[in-house]
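Enquirer: For reference, the file my_file02.txt (compact mmCIF, C-alpha atoms and all ligand atoms) is included below:
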```txt
# COMPACT_ATOMS: atom_id res chain seq x y z
CA MET A 1 -49.78 -44.24 -39.38
CA ARG A 2 -50.46 -46.52 -42.36
CA GLY A 3 -48.40 -49.43 -43.61
CA ALA A 4 -46.10 -50.55 -40.80
CA ARG A 5 -46.68 -53.51 -38.52
CA PRO A 6 -49.25 -53.20 -35.80
CA LEU A 7 -48.52 -53.51 -32.10
CA PHE A 8 -49.25 -57.21 -32.14
CA PHE A 9 -50.91 -59.64 -34.49
CA ALA A 10 -53.95 -61.56 -33.34
CA SER A 11 -54.95 -65.32 -33.36
CA ALA A 12 -57.60 -67.90 -32.51
CA CYS A 13 -59.96 -66.45 -29.87
CA GLY A 14 -58.49 -63.26 -31.11
CA GLY A 15 -54.80 -63.37 -30.46
CA ALA A 16 -51.57 -63.90 -32.94
CA THR A 17 -47.99 -62.79 -33.38
CA GLU A 18 -46.09 -60.28 -31.30
CA ASN A 19 -44.09 -57.45 -32.76
CA HIS A 20 -41.62 -56.25 -30.14
CA TYR A 21 -40.65 -59.49 -28.41
CA PHE A 22 -37.80 -61.95 -28.83
CA CYS A 23 -40.08 -64.95 -28.98
CA SER A 24 -43.59 -66.04 -28.13
CA MET A 25 -45.08 -68.99 -26.31
CA MET A 26 -48.53 -70.35 -25.49
CA TRP A 27 -49.47 -70.59 -21.83
CA ASN A 28 -52.72 -72.52 -21.58
CA LEU A 29 -52.98 -72.73 -17.83
CA TRP A 30 -56.52 -74.10 -17.86
CA HIS A 31 -58.55 -75.73 -20.58
CA GLY A 32 -62.25 -75.79 -21.40
CA CYS A 33 -64.88 -73.11 -21.73
CA HIS A 34 -68.60 -72.37 -22.10
CA LYS A 35 -69.98 -70.76 -25.19
CA LYS A 36 -70.70 -67.19 -24.27
CA SER A 37 -71.93 -65.35 -27.33
CA GLU A 38 -72.46 -65.49 -31.11
CA GLY A 39 -68.73 -65.55 -31.87
CA CYS A 40 -68.39 -68.83 -29.97
CA ALA A 41 -70.65 -70.81 -32.32
CA HIS A 42 -67.74 -72.48 -34.12
CA CYS A 43 -65.17 -72.22 -31.33
CA TYR A 44 -61.90 -73.86 -32.35
CA VAL A 45 -61.45 -75.34 -28.84
CA TYR A 46 -64.72 -77.25 -29.20
CA ARG A 47 -63.86 -78.19 -32.78
CA ARG A 48 -60.46 -79.53 -31.87
CA ASP A 49 -61.61 -81.35 -28.70
CA ALA A 50 -64.41 -83.03 -30.67
CA GLU A 51 -61.76 -84.80 -32.75
CA PHE A 52 -60.57 -86.48 -29.54
CA ASP A 53 -64.02 -87.02 -28.02
CA LYS A 54 -63.16 -84.57 -25.28
CA ASP A 55 -65.80 -82.51 -23.45
CA SER A 56 -64.75 -78.87 -23.89
CA SER A 57 -67.22 -77.66 -21.28
CA GLN A 58 -65.17 -79.24 -18.48
CA VAL A 59 -62.71 -76.62 -17.25
CA THR A 60 -59.53 -78.20 -15.91
CA LYS A 61 -56.16 -76.96 -14.76
CA THR A 62 -53.45 -78.06 -17.18
CA ALA A 63 -50.04 -79.67 -16.66
CA CYS A 64 -48.29 -76.47 -17.76
CA PHE A 65 -50.04 -74.32 -15.17
CA ASN A 66 -46.75 -73.15 -13.62
CA LEU A 67 -44.87 -72.73 -16.91
CA PRO A 68 -43.68 -69.13 -16.32
CA ILE A 69 -41.91 -70.03 -13.08
CA ARG A 70 -40.37 -73.36 -14.07
CA ARG A 71 -36.58 -73.44 -13.85
CA ASN A 72 -33.92 -75.52 -15.53
CA ARG A 73 -31.08 -77.33 -13.76
CA LYS A 74 -29.02 -74.14 -13.74
CA GLY A 75 -31.81 -72.40 -11.83
CA GLU A 76 -32.76 -70.20 -14.78
CA TYR A 77 -36.34 -69.70 -15.83
CA LYS A 78 -37.23 -72.04 -18.67
CA VAL A 79 -39.25 -69.27 -20.35
CA PRO A 80 -36.61 -66.73 -21.40
CA PRO A 81 -36.90 -63.03 -20.57
CA GLY A 82 -38.60 -61.00 -23.27
CA THR A 83 -41.08 -63.73 -24.21
CA PHE A 84 -44.57 -62.78 -25.32
CA MET A 85 -46.99 -65.18 -23.60
CA TRP A 86 -50.25 -66.02 -25.38
CA THR A 87 -52.17 -66.66 -22.19
CA CYS A 88 -55.17 -68.96 -21.89
CA PHE A 89 -56.04 -69.64 -25.51
CA THR A 90 -58.03 -72.84 -24.90
CA SER A 91 -60.31 -71.25 -22.30
CA ASP A 92 -61.21 -67.79 -21.03
CA PHE A 93 -58.91 -66.40 -18.35
CA PHE A 94 -61.91 -64.95 -16.48
CA ILE A 95 -64.17 -68.00 -16.57
CA GLU A 96 -65.90 -68.84 -13.25
CA GLU A 97 -64.37 -72.28 -12.73
CA ALA A 98 -60.89 -70.77 -12.71
CA ASP A 99 -61.61 -68.44 -9.76
CA GLN A 100 -59.85 -70.95 -7.51
CA TRP A 101 -56.66 -71.00 -9.64
CA ARG A 102 -56.46 -67.39 -10.84
CA PRO A 103 -54.80 -65.92 -7.69
CA ASP A 104 -51.83 -68.25 -8.30
CA ALA A 105 -51.80 -67.24 -11.94
CA TRP A 106 -51.58 -63.56 -10.96
CA THR A 107 -48.74 -64.39 -8.56
CA MET A 108 -46.79 -66.02 -11.40
CA ILE A 109 -47.52 -63.08 -13.73
CA ARG A 110 -46.29 -60.69 -11.03
CA CYS A 111 -43.14 -62.81 -10.59
CA ARG A 112 -42.22 -62.37 -14.25
CA PRO A 113 -42.18 -58.65 -15.12
CA ASP A 114 -39.73 -59.60 -17.89
CA LEU A 115 -42.51 -61.39 -19.84
CA HIS A 116 -45.59 -59.91 -21.45
CA PHE A 117 -48.90 -61.69 -20.91
CA HIS A 118 -51.58 -61.29 -23.55
CA ILE A 119 -55.08 -62.25 -22.39
CA VAL A 120 -58.23 -62.35 -24.54
CA THR A 121 -61.69 -62.47 -22.99
CA LYS A 122 -65.38 -62.42 -23.83
CA ARG A 123 -66.18 -61.86 -20.15
CA PRO A 124 -65.35 -58.23 -19.33
CA GLU A 125 -68.15 -58.23 -16.74
CA ARG A 126 -66.05 -60.62 -14.62
CA ILE A 127 -62.74 -58.77 -14.87
CA ALA A 128 -63.11 -56.29 -11.97
CA ARG A 129 -63.91 -58.98 -9.40
CA CYS A 130 -61.06 -61.19 -10.65
CA LEU A 131 -58.20 -58.68 -10.39
CA PRO A 132 -55.54 -59.07 -7.69
CA ASP A 133 -55.41 -56.67 -4.72
CA ASP A 134 -52.26 -54.90 -5.91
CA TRP A 135 -53.48 -54.43 -9.49
CA GLY A 136 -53.94 -50.63 -9.22
CA ASP A 137 -54.45 -49.37 -12.76
CA GLY A 138 -52.99 -52.57 -14.18
CA TYR A 139 -49.75 -54.49 -14.42
CA GLU A 140 -47.32 -53.16 -16.98
CA ASN A 141 -46.69 -56.68 -18.30
CA VAL A 142 -50.32 -57.56 -19.04
CA THR A 143 -52.50 -56.69 -22.03
CA ILE A 144 -56.18 -57.60 -21.81
CA CYS A 145 -58.17 -57.77 -25.05
CA CYS A 146 -61.94 -57.87 -25.20
CA THR A 147 -63.67 -59.59 -28.10
CA MET A 148 -66.69 -57.93 -29.75
CA GLU A 149 -68.00 -59.83 -32.73
CA ASN A 150 -71.21 -57.94 -33.55
CA GLN A 151 -73.15 -54.80 -32.65
CA ARG A 152 -74.93 -56.39 -29.71
CA ARG A 153 -71.66 -57.43 -28.05
CA ALA A 154 -69.94 -54.14 -28.84
CA ASP A 155 -72.84 -52.25 -27.21
CA GLU A 156 -72.69 -54.53 -24.20
CA ARG A 157 -68.92 -54.89 -23.75
CA MET A 158 -67.27 -51.72 -25.03
CA PRO A 159 -68.53 -49.23 -22.37
CA LEU A 160 -67.75 -51.68 -19.59
CA PHE A 161 -64.34 -52.68 -20.90
CA ARG A 162 -63.39 -49.07 -21.55
CA SER A 163 -64.11 -48.17 -17.93
CA LEU A 164 -61.95 -50.91 -16.39
CA PRO A 165 -58.57 -50.14 -14.79
CA ILE A 166 -56.27 -51.96 -17.24
CA ARG A 167 -52.99 -50.43 -18.35
CA HIS A 168 -52.91 -52.13 -21.74
CA LYS A 169 -56.22 -52.75 -23.45
CA ALA A 170 -57.15 -53.78 -26.98
CA VAL A 171 -60.30 -54.74 -28.86
CA ILE A 172 -60.74 -57.76 -31.10
CA CYS A 173 -63.55 -58.11 -33.62
CA GLU A 174 -63.07 -61.71 -34.66
CA PRO A 175 -64.95 -63.44 -36.04
CA LEU A 176 -66.45 -60.23 -37.38
CA LEU A 177 -70.11 -61.14 -37.98
CA GLU A 178 -71.61 -57.83 -39.04
CA ALA A 179 -70.91 -54.12 -39.30
CA ILE A 180 -70.06 -52.57 -35.93
CA ASP A 181 -70.53 -48.98 -34.85
CA PHE A 182 -68.45 -48.23 -31.76
CA LYS A 183 -70.53 -45.09 -31.24
CA GLY A 184 -67.55 -42.85 -30.59
CA LEU A 185 -66.22 -44.91 -27.69
CA LEU A 186 -62.88 -45.75 -29.31
CA GLY A 187 -60.01 -43.62 -28.09
CA GLU A 188 -56.51 -43.53 -26.67
CA TRP A 189 -57.42 -46.10 -24.05
CA CYS A 190 -57.46 -48.75 -26.79
CA GLU A 191 -54.02 -49.77 -28.05
CA GLN A 192 -55.26 -51.65 -31.10
CA VAL A 193 -58.35 -52.96 -32.85
CA THR A 194 -57.88 -56.32 -34.54
CA VAL A 195 -60.38 -57.51 -37.13
CA GLY A 196 -60.72 -60.91 -38.77
CA GLY A 197 -63.16 -63.28 -40.39
CA GLU A 198 -64.13 -66.72 -39.22
CA SER A 199 -62.14 -69.84 -40.12
CA GLY A 200 -63.27 -73.45 -40.32
CA PRO A 201 -65.67 -75.51 -42.41
CA ASP A 202 -68.86 -73.63 -41.44
CA ALA A 203 -67.37 -70.14 -41.42
CA ARG A 204 -69.85 -67.30 -41.56
CA VAL A 205 -69.33 -64.50 -44.03
CA CYS A 206 -67.08 -61.53 -43.33
CA ASP A 207 -67.72 -58.52 -45.55
CA TYR A 208 -64.83 -56.26 -46.48
CA ASP A 209 -67.06 -53.20 -46.05
CA TRP A 210 -67.48 -54.08 -42.35
CA VAL A 211 -63.69 -54.27 -42.03
CA LEU A 212 -63.21 -50.91 -43.72
CA ALA A 213 -65.90 -49.28 -41.60
CA ILE A 214 -64.07 -50.29 -38.42
CA ARG A 215 -60.82 -49.04 -39.92
CA GLU A 216 -62.45 -45.64 -40.53
CA GLN A 217 -63.46 -45.47 -36.87
CA CYS A 218 -59.87 -46.29 -35.89
CA ILE A 219 -58.57 -43.49 -38.10
CA ALA A 220 -61.02 -41.05 -36.55
CA ALA A 221 -59.94 -42.08 -33.04
CA SER A 222 -56.19 -42.45 -33.87
CA VAL A 223 -56.26 -46.08 -32.81
CA PRO A 224 -53.98 -48.67 -34.49
CA PHE A 225 -55.86 -51.11 -36.68
CA PHE A 226 -54.92 -54.64 -37.73
CA PHE A 227 -56.72 -56.66 -40.40
CA LYS A 228 -55.55 -60.09 -39.29
CA GLN A 229 -57.27 -62.43 -41.71
CA THR A 230 -60.10 -62.65 -44.20
CA GLY A 231 -61.68 -65.78 -42.74
CA ALA A 232 -62.84 -68.66 -44.94
CA THR A 233 -65.92 -66.95 -46.40
CA PHE A 234 -65.06 -63.47 -47.50
CA ARG A 235 -67.31 -61.00 -49.34
CA LYS A 236 -65.93 -58.11 -51.30
CA ASP A 237 -67.86 -55.83 -53.67
CA GLY A 238 -70.88 -58.10 -53.37
CA ARG A 239 -69.01 -61.28 -54.39
CA THR A 240 -68.37 -64.06 -51.89
CA TYR A 241 -65.12 -66.00 -52.00
CA ALA A 242 -64.04 -69.25 -50.31
CA ILE A 243 -60.54 -68.51 -49.04
CA PRO A 244 -58.30 -71.50 -48.17
CA ARG A 245 -56.84 -71.42 -44.66
CA ARG A 246 -53.28 -70.92 -45.90
CA LEU A 247 -54.26 -67.73 -47.73
CA GLN A 248 -56.49 -66.07 -45.15
CA MET A 249 -53.72 -64.11 -43.47
CA SER A 250 -51.74 -63.35 -46.62
CA GLN A 251 -54.85 -62.04 -48.38
CA ALA A 252 -55.42 -59.67 -45.48
CA ARG A 253 -51.77 -58.54 -45.73
CA LYS A 254 -52.26 -57.87 -49.42
CA ALA A 255 -55.09 -55.47 -48.63
CA ASP A 256 -52.41 -53.32 -46.97
CA ILE A 257 -54.82 -51.46 -44.74
CA ASP A 258 -53.15 -51.87 -41.32
CA LEU A 259 -52.54 -48.75 -39.28
CA MET A 260 -49.44 -48.81 -37.20
CA HIS A 261 -48.90 -48.10 -33.55
CA ASN A 262 -47.72 -44.54 -32.95
CA ALA A 263 -44.85 -45.44 -30.61
S1 LIG A 301 -65.06 -67.68 -25.06
FE1 LIG A 301 -63.47 -68.30 -26.56
S2 LIG A 301 -62.75 -70.30 -25.83
FE2 LIG A 301 -64.71 -69.89 -24.80
S3 LIG A 301 -66.26 -70.88 -26.10
FE3 LIG A 301 -66.10 -68.74 -26.76
S4 LIG A 301 -64.62 -68.78 -28.45
FE4 LIG A 301 -64.39 -70.71 -27.32
```
Can you give me the file's structure in the form of structure tokens?
Expert:
Amino acid sequence: MRGARPLFFASACGGATENHYFCSMMWNLWHGCHKKSEGCAHCYVYRRDAEFDKDSSQVTKTACFNLPIRRNRKGEYKVPPGTFMWTCFTSDFFIEEADQWRPDAWTMIRCRPDLHFHIVTKRPERIARCLPDDWGDGYENVTICCTMENQRRADERMPLFRSLPIRHKAVICEPLLEAIDFKGLLGEWCEQVTVGGESGPDARVCDYDWVLAIREQCIAASVPFFFKQTGATFRKDGRTYAIPRRLQMSQARKADIDLMHNA
């Protein structure tokens, strides 16, 4: 399963670039978040808002809340069929303040089975109570990814996330802050593990050995693996390198260690 492109590429809070879709689009239906765990220390939402003196801890509904169901003058949906929707990348889809808006979000997601919604969360403990009544074992057009940046969060989140009724699930270890042992919990339920270092001026180190150790666990469990980016401070064979932003993804590509999806 080595060498080909993974199921999807990951970005910011974990997410990135689709593989099987005609195009992709951001759908930031609410904005603002609260720092939840170690991976949030240098959150890009806070970093970017600070440039505009904006308080990132205020969670607000955005002007593009109803983007998936907007229509043009011909009555066609503005978001074309087959679009991969990066959903809620300046907040957390399962954050408490959004409980009042989430039912409408689910209704829109249900209305557009021709789109795929990709959701990343650090709050798996809130997922079960936030699912819609007709969720069953999950909507076919929704992938939910859980972020686990260190051993503490993997121990806490992996068993819980694994047990949830979600049709498409993936794990994201980004920013990867230390070696992680999944303790045998990886398996077919997980469609991909994405790993990446931290970006930004104060980026913490990401060690290549930690990346490879996760890859080994993916091989053992037959789970696709994607090394998304090195991060800005990358250690390999005991040497630490400062990697410019523009090279962080290409350097990861050069490592050529991705494991493709079996489909
Ligand atoms: S959960 Fe994501 S969006 Fe929220 S503070 Fe943490 S890194 Fe930022």
Enquirer: For each of A:Glu140, A:Asp237, A:Glu174, A:Asp155, take the minimum atom-to-atom distance to ligand LIG 301 (chain A), counting only C-alpha atoms and all ligand atoms, then give the residue where this is smallest.
Expert: A:Glu174
Enquirer: So what do you get for CA of Tyr208 (chain A) versus CA of Glu156 (chain A), distance-wise?
Expert: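 So the answer is 23.7 Å.
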Enquirer: Neighbouring residues of ligand LIG 301 (chain A) are defined here as those with any atom at most 7 Å from a ligand atom, counting all atoms listed in the file; list them as a PDB file with C-alpha atoms, in the coordinates of the input.
Expert:
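Result saved to selection_38.pdb:
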```pdb
ATOM      1  CA  CYS A  13     -59.960 -66.450 -29.870  1.00  0.00           C
ATOM      2  CA  CYS A  33     -64.880 -73.110 -21.730  1.00  0.00           C
ATOM      3  CA  HIS A  34     -68.600 -72.370 -22.100  1.00  0.00           C
ATOM      4  CA  LYS A  35     -69.980 -70.760 -25.190  1.00  0.00           C
ATOM      5  CA  LYS A  36     -70.700 -67.190 -24.270  1.00  0.00           C
ATOM      6  CA  SER A  37     -71.930 -65.350 -27.330  1.00  0.00           C
ATOM      7  CA  GLY A  39     -68.730 -65.550 -31.870  1.00  0.00           C
ATOM      8  CA  CYS A  40     -68.390 -68.830 -29.970  1.00  0.00           C
ATOM      9  CA  CYS A  43     -65.170 -72.220 -31.330  1.00  0.00           C
ATOM     10  CA  TYR A  44     -61.900 -73.860 -32.350  1.00  0.00           C
ATOM     11  CA  VAL A  45     -61.450 -75.340 -28.840  1.00  0.00           C
ATOM     12  CA  TYR A  46     -64.720 -77.250 -29.200  1.00  0.00           C
ATOM     13  CA  PHE A  89     -56.040 -69.640 -25.510  1.00  0.00           C
ATOM     14  CA  THR A  90     -58.030 -72.840 -24.900  1.00  0.00           C
ATOM     15  CA  SER A  91     -60.310 -71.250 -22.300  1.00  0.00           C
ATOM     16  CA  ASP A  92     -61.210 -67.790 -21.030  1.00  0.00           C
ATOM     17  CA  THR A 121     -61.690 -62.470 -22.990  1.00  0.00           C
ATOM     18  CA  LYS A 122     -65.380 -62.420 -23.830  1.00  0.00           C
TER      19      LYS A 122
END
```
Enquirer: When you draw a straight line from CA of Ser56 (chain A) to CA of Gly197 (chain A), how long is it in Å?
Expert: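 Going from CA of Ser56 (chain A) over to CA of Gly197 (chain A) covers 22.8 Å.
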Enquirer: Given 5 Å of margin on each side, can you work out the centre and size in Å (one decimal) of an axis-aligned box holding every listed atom of region 187-194 of chain A, as AutoDock Vina command-line options?
Expert:
```
--center_x -57.0 --center_y -49.9 --center_z -29.3 --size_x 16.0 --size_y 22.8 --size_z 20.5
```
Enquirer: Compile the contact shell of Val171 (chain A) as a list in words: residues with an atom at most 8 Å away, counting all atoms listed in the file, same-chain residues fewer than 3 positions apart removed.
Expert: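 Non-adjacent residues within range: Cys145, Cys146, Thr147, Met148, Cys190, Gln192, Val193 and Thr194 of chain A.
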Enquirer: Once you have the residues from the selection above, write them out as a CSV table (one decimal), in the coordinates of the input, restricted to C-alpha atoms.
Expert:
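Result file part-v1.csv:
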```csv
chain,number,residue,atom,x,y,z
A,145,CYS,CA,-58.2,-57.8,-25.0
A,146,CYS,CA,-61.9,-57.9,-25.2
A,147,THR,CA,-63.7,-59.6,-28.1
A,148,MET,CA,-66.7,-57.9,-29.8
A,190,CYS,CA,-57.5,-48.8,-26.8
A,192,GLN,CA,-55.3,-51.6,-31.1
A,193,VAL,CA,-58.4,-53.0,-32.8
A,194,THR,CA,-57.9,-56.3,-34.5
```
Enquirer: Any idea what the distance is between CA of Val211 (chain A) and CA of Met26 (chain A)?
Expert: 27.6 Å
Enquirer: Check the smallest atom-to-atom distance from each of A:Pro224, A:Ile257, A:Val205, A:Leu212 to Ala242 (chain A) using all atoms listed in the file, then report the winner.
Expert: A:Val205
Enquirer: Kindly extract all protein, DNA and RNA residues lying within 10 Å of the coordinates (-68.9, -61.4, -38.9) given in the file, considering only C-alpha atoms, and supply them as a list in words.
Expert: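 Within the cut-off we find Glu38, Gly39, Glu149, Asn150, Cys173, Glu174, Pro175, Leu176, Leu177, Glu178, Ala179, Ile180, Val195, Gly196, Gly197, Glu198, Ala203, Arg204, Val205, Cys206, Asp207, Trp210, Val211, Gly231, Thr233 and Phe234 of chain A.
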Enquirer: Let me make sure I understand: among A:Gly238, A:Pro80, A:Pro68, A:Pro159, which one has the smallest atom-to-atom distance to Leu185 (chain A) if we use all atoms listed in the file?
Expert: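 Checking each candidate against Leu185 (chain A), we get A:Pro159 as the closest.
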Enquirer: Find, counting only C-alpha atoms, the residue in A:Glu96, A:Asp181, A:Glu191, A:Asp55 that gets nearest to Cys130 (chain A).
Expert: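 Between A:Glu96, A:Asp181, A:Glu191, A:Asp55, the residue approaching Cys130 (chain A) most closely is A:Glu96.
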Enquirer: Between A:Ala128, A:Val59, A:Ala255, A:Leu29, which residue has the minimum interatomic distance to Met108 (chain A), considering all atoms listed in the file?
Expert: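 Counting all atoms listed in the file, the residue closest to Met108 (chain A) is A:Leu29.
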Enquirer: With all atoms listed in the file as the atoms that count, which of A:Asp104, A:Cys111, A:Lys61, A:Thr230 lies nearest to Tyr77 (chain A)?
Expert: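 Using all atoms listed in the file, Tyr77 (chain A) sits closest to A:Cys111.
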Enquirer: Missing atoms in region 35-47 of chain A: can you complete it with N, CA and C atoms, as a compact mmCIF listing (two decimals), in the frame of the given file?
Expert:
```txt
# COMPACT_ATOMS: atom_id res chain seq x y z
N LYS A 35 -69.69 -71.70 -24.12
CA LYS A 35 -69.98 -70.76 -25.19
C LYS A 35 -70.72 -69.56 -24.62
N LYS A 36 -70.24 -68.40 -24.95
CA LYS A 36 -70.70 -67.19 -24.27
C LYS A 36 -71.56 -66.31 -25.17
N SER A 37 -71.21 -66.25 -26.45
CA SER A 37 -71.93 -65.35 -27.33
C SER A 37 -71.81 -65.84 -28.78
N GLU A 38 -72.34 -65.06 -29.71
CA GLU A 38 -72.46 -65.49 -31.11
C GLU A 38 -71.11 -65.91 -31.71
N GLY A 39 -70.04 -65.24 -31.32
CA GLY A 39 -68.73 -65.55 -31.87
C GLY A 39 -68.23 -66.93 -31.48
N CYS A 40 -68.83 -67.52 -30.46
CA CYS A 40 -68.39 -68.83 -29.97
C CYS A 40 -68.98 -70.00 -30.76
N ALA A 41 -69.90 -69.73 -31.66
CA ALA A 41 -70.65 -70.81 -32.32
C ALA A 41 -69.74 -71.90 -32.88
N HIS A 42 -68.66 -71.50 -33.51
CA HIS A 42 -67.74 -72.48 -34.12
C HIS A 42 -66.39 -72.45 -33.42
N CYS A 43 -66.41 -72.34 -32.12
CA CYS A 43 -65.17 -72.22 -31.33
C CYS A 43 -64.16 -73.31 -31.69
N TYR A 44 -62.93 -72.89 -31.92
CA TYR A 44 -61.90 -73.86 -32.35
C TYR A 44 -61.56 -74.83 -31.22
N VAL A 45 -61.75 -74.43 -29.96
CA VAL A 45 -61.45 -75.34 -28.84
C VAL A 45 -62.43 -76.52 -28.90
N TYR A 46 -63.71 -76.19 -29.08
CA TYR A 46 -64.72 -77.25 -29.20
C TYR A 46 -64.46 -78.11 -30.43
N ARG A 47 -64.10 -77.45 -31.53
CA ARG A 47 -63.86 -78.19 -32.78
C ARG A 47 -62.71 -79.18 -32.61
```
